[in-house]
Amino acid sequence: MPHDLLPPGRKSGIPSATTSRNMYHLSLHMSYLTNGRGALDALVTRKRICMKGCDIIHEGKEGRSAYLIYNGWACSYRLLRNGTRQIINFHVPGDLLGIRRLLSPNFDDNLCAITCIELGEIDIDSLLTMLCTDNRLSMSILWSAFREEAIIAQHLVDIGRRKPINRAAHFFLELGARLNLAGFGAKTEYDCPLTQSLIADALGLTAVHFNRVLKQLRELNAMTFHNGRVEFLDDRKLEHLADFDSSYLR
């Protein structure tokens with residue numbers, strides 16, 4: 001029976017374009033977790049422990065290494081000539097950093113440890129050699145790169161078009177989804193070592209303004225952020241407030 005002649009409420013059994021796309025994204029994510037991580041672990045030449053506040057990489061510094069986060073949190077940021085800072089992204093366990101060094105030896109951003117962090121250092125030339133011979137790893141790395149690009153694009157929309165309360169809601173939902181996909185945290189709560197000052201920086205707000213936004217979210221019974229713990233009191237309300245769709249993370 002043609003799809004447009006189906007009785008009301010009857011499904012064709014043919015997956016929609018959105019469903020197919022989401023399933024494809026999910027398969028790439030699972031490939032990264034099962035195949036990519038194992039292959040990357042084999043390429044780690046050494047493990048590094050960096051203390052909280054340590055700059056791991058400086059903007060413009062040449063190098064031939066990428067980094068896999070095993071434990072801890074980091075952030076990438078840029079400094080302007082007047083000393084002001086803009087946080088580009090936060091990085092959590094499982095993230096692969098420095099993929100762009102496959103094309104250029106320079107690292108575009110500064111990379112700083114937010115907590116004590118354990119990194120696996122990967123030689124870029126060895127990674128490139130494996131990418132040429134392992135199609136599954138190649139697709140996994142592409143998925144990782146595309147997801148990072150999608151996250152940064154969302155951050156641009158947050159700062160440019162969303163109101164402070166909406167961008168804060170979107171930020172916490174995105175972070176929770178990322179941690180959940182990596183196997184950390186539950187759907188409605190997770191540990192978050194980020195300070196209000198760091199989050200405010202990433203969202204383009206002052207610390208005082210961000211504190212007011214958190215109060216608004218509490219008063220709406222949408223979420224709380226207290227003592228390094230995020231809890232979604234009403235995740236549907238929060239998703240509606242943020243206009244959040246997690247498909248770009250999968």
# chains A, B, ... in the order shown; residues from 1 in each chain; ligands from 1

$ closest_atom_pairs --of "segment 103-214 of chain A" --to "segment 69-79 of chain A" --cutoff "7 Å" --atoms "only C-alpha atoms" --output "JSON lines"
{"residue": "A:Asp109", "atom": "CA", "partner": "A:Tyr77", "partner_atom": "CA", "distance": 5.7}
{"residue": "A:Asn110", "atom": "CA", "partner": "A:Tyr77", "partner_atom": "CA", "distance": 5.3}
{"residue": "A:Leu111", "atom": "CA", "partner": "A:Ser76", "partner_atom": "CA", "distance": 4.5}
{"residue": "A:Cys112", "atom": "CA", "partner": "A:Cys75", "partner_atom": "CA", "distance": 5.4}
{"residue": "A:Ala113", "atom": "CA", "partner": "A:Ala74", "partner_atom": "CA", "distance": 4.3}
{"residue": "A:Ile114", "atom": "CA", "partner": "A:Ala74", "partner_atom": "CA", "distance": 4.8}
{"residue": "A:Thr115", "atom": "CA", "partner": "A:Trp73", "partner_atom": "CA", "distance": 5.6}
{"residue": "A:Cys116", "atom": "CA", "partner": "A:Gly72", "partner_atom": "CA", "distance": 5.9}
{"residue": "A:Ile117", "atom": "CA", "partner": "A:Gly72", "partner_atom": "CA", "distance": 4.3}
{"residue": "A:Glu118", "atom": "CA", "partner": "A:Asn71", "partner_atom": "CA", "distance": 5.1}
{"residue": "A:Leu119", "atom": "CA", "partner": "A:Ile69", "partner_atom": "CA", "distance": 4.7}
{"residue": "A:Gly120", "atom": "CA", "partner": "A:Ile69", "partner_atom": "CA", "distance": 6.4}

$ select_by_dssp --residues "segment 78-228 of chain A" --states "helix (DSSP H, G or I)" --output "PyMOL selection string"
chain A and resi 99-102+124-131+135-161+164-181+196-203+207-219

$ closest_residue --among "A:Leu173, A:Ile122, A:Val208, A:Leu103" --to "Arg46 of chain A" --atoms "only C-alpha atoms"
A:Ile122

$ closest_residue --among "A:Gly183, A:Gly38, A:Gly98, A:Pro93" --to "Lys61 of chain A" --atoms "only C-alpha atoms"
A:Gly98

$ closest_residue --among "A:Asn89, A:Asn82, A:Thr224, A:Gln216" --to "Glu149 of chain A" --atoms "only C-alpha atoms"
A:Asn89

$ residues_around --residues "Leu214 of chain A" --least-positions-apart "4" --cutoff "8 Å" --atoms "only C-alpha atoms" --output "list in words"
Ile165, Phe210, Arg218, Thr224 and Phe225 of chain A

$ atom_distance --atom1 "atom CA of Thr84 of chain A" --atom2 "atom CA of Phe172 of chain A"
23.9 Å

$ select_by_dssp --residues "segment 26-241 of chain A" --states "strand (DSSP E)" --output "PyMOL selection string"
chain A and resi 44-50+55-57+65-71+74-79+85-91+96-97+110-113+117-123+189-191+223-226+229-232

$ closest_residue --among "A:His170, A:Arg236, A:Arg85, A:His226" --to "Pro193 of chain A" --atoms "only C-alpha atoms"
A:His226

$ atom_distance --atom1 "atom CA of Leu205 of chain A" --atom2 "atom CA of Pro164 of chain A"
7.7 Å

$ residues_around --residues "segment 179-181 of chain A" --least-positions-apart "4" --cutoff "9 Å" --atoms "only C-alpha atoms" --output "list of chain:residue names"
A:His29, A:Val92, A:Pro93, A:Glu174, A:Leu175, A:Gly185, A:Ala186, A:Lys187, A:Tyr190, A:Leu249, A:Arg250

$ write_last_selection --atoms "N, CA and C atoms" --output "PDB file, in the first residue's frame"
ATOM      1  N   HIS A  29      28.225   6.470  17.018  1.00  0.00           N
ATOM      2  CA  HIS A  29      28.589   6.650  18.420  1.00  0.00           C
ATOM      3  C   HIS A  29      28.989   5.323  19.044  1.00  0.00           C
ATOM      4  N   VAL A  92      35.157  16.311  28.624  1.00  0.00           N
ATOM      5  CA  VAL A  92      34.863  15.330  29.667  1.00  0.00           C
ATOM      6  C   VAL A  92      35.526  13.994  29.315  1.00  0.00           C
ATOM      7  N   PRO A  93      35.555  13.040  30.261  1.00  0.00           N
ATOM      8  CA  PRO A  93      36.174  11.743  29.971  1.00  0.00           C
ATOM      9  C   PRO A  93      35.616  11.098  28.703  1.00  0.00           C
ATOM     10  N   GLU A 174      22.790  19.767  27.554  1.00  0.00           N
ATOM     11  CA  GLU A 174      23.818  19.261  26.649  1.00  0.00           C
ATOM     12  C   GLU A 174      24.908  18.534  27.420  1.00  0.00           C
ATOM     13  N   LEU A 175      25.370  19.134  28.495  1.00  0.00           N
ATOM     14  CA  LEU A 175      26.426  18.528  29.296  1.00  0.00           C
ATOM     15  C   LEU A 175      25.963  17.196  29.878  1.00  0.00           C
ATOM     16  N   GLY A 185      27.047   9.564  34.911  1.00  0.00           N
ATOM     17  CA  GLY A 185      25.853  10.288  35.322  1.00  0.00           C
ATOM     18  C   GLY A 185      24.572   9.610  34.868  1.00  0.00           C
ATOM     19  N   ALA A 186      23.474   9.998  35.506  1.00  0.00           N
ATOM     20  CA  ALA A 186      22.157   9.489  35.154  1.00  0.00           C
ATOM     21  C   ALA A 186      21.458  10.492  34.247  1.00  0.00           C
ATOM     22  N   LYS A 187      20.249  10.138  33.808  1.00  0.00           N
ATOM     23  CA  LYS A 187      19.532  11.000  32.875  1.00  0.00           C
ATOM     24  C   LYS A 187      19.159  12.334  33.504  1.00  0.00           C
ATOM     25  N   TYR A 190      23.812  14.625  37.580  1.00  0.00           N
ATOM     26  CA  TYR A 190      25.214  14.288  37.359  1.00  0.00           C
ATOM     27  C   TYR A 190      26.108  15.214  38.177  1.00  0.00           C
ATOM     28  N   LEU A 249      24.202  15.365  19.188  1.00  0.00           N
ATOM     29  CA  LEU A 249      25.231  14.728  20.012  1.00  0.00           C
ATOM     30  C   LEU A 249      25.374  13.247  19.697  1.00  0.00           C
ATOM     31  N   ARG A 250      24.459  12.695  18.935  1.00  0.00           N
ATOM     32  CA  ARG A 250      24.454  11.258  18.665  1.00  0.00           C
ATOM     33  C   ARG A 250      24.878  10.957  17.236  1.00  0.00           C
TER      34      ARG A 250
END

$ atom_distance --atom1 "atom CA of Ile57 of chain A" --atom2 "atom CA of Leu97 of chain A"
10.5 Å

$ closest_residue --among "A:Asp95, A:Met51, A:Ile88, A:Leu80" --to "Ile152 of chain A" --atoms "only C-alpha atoms"
A:Ile88
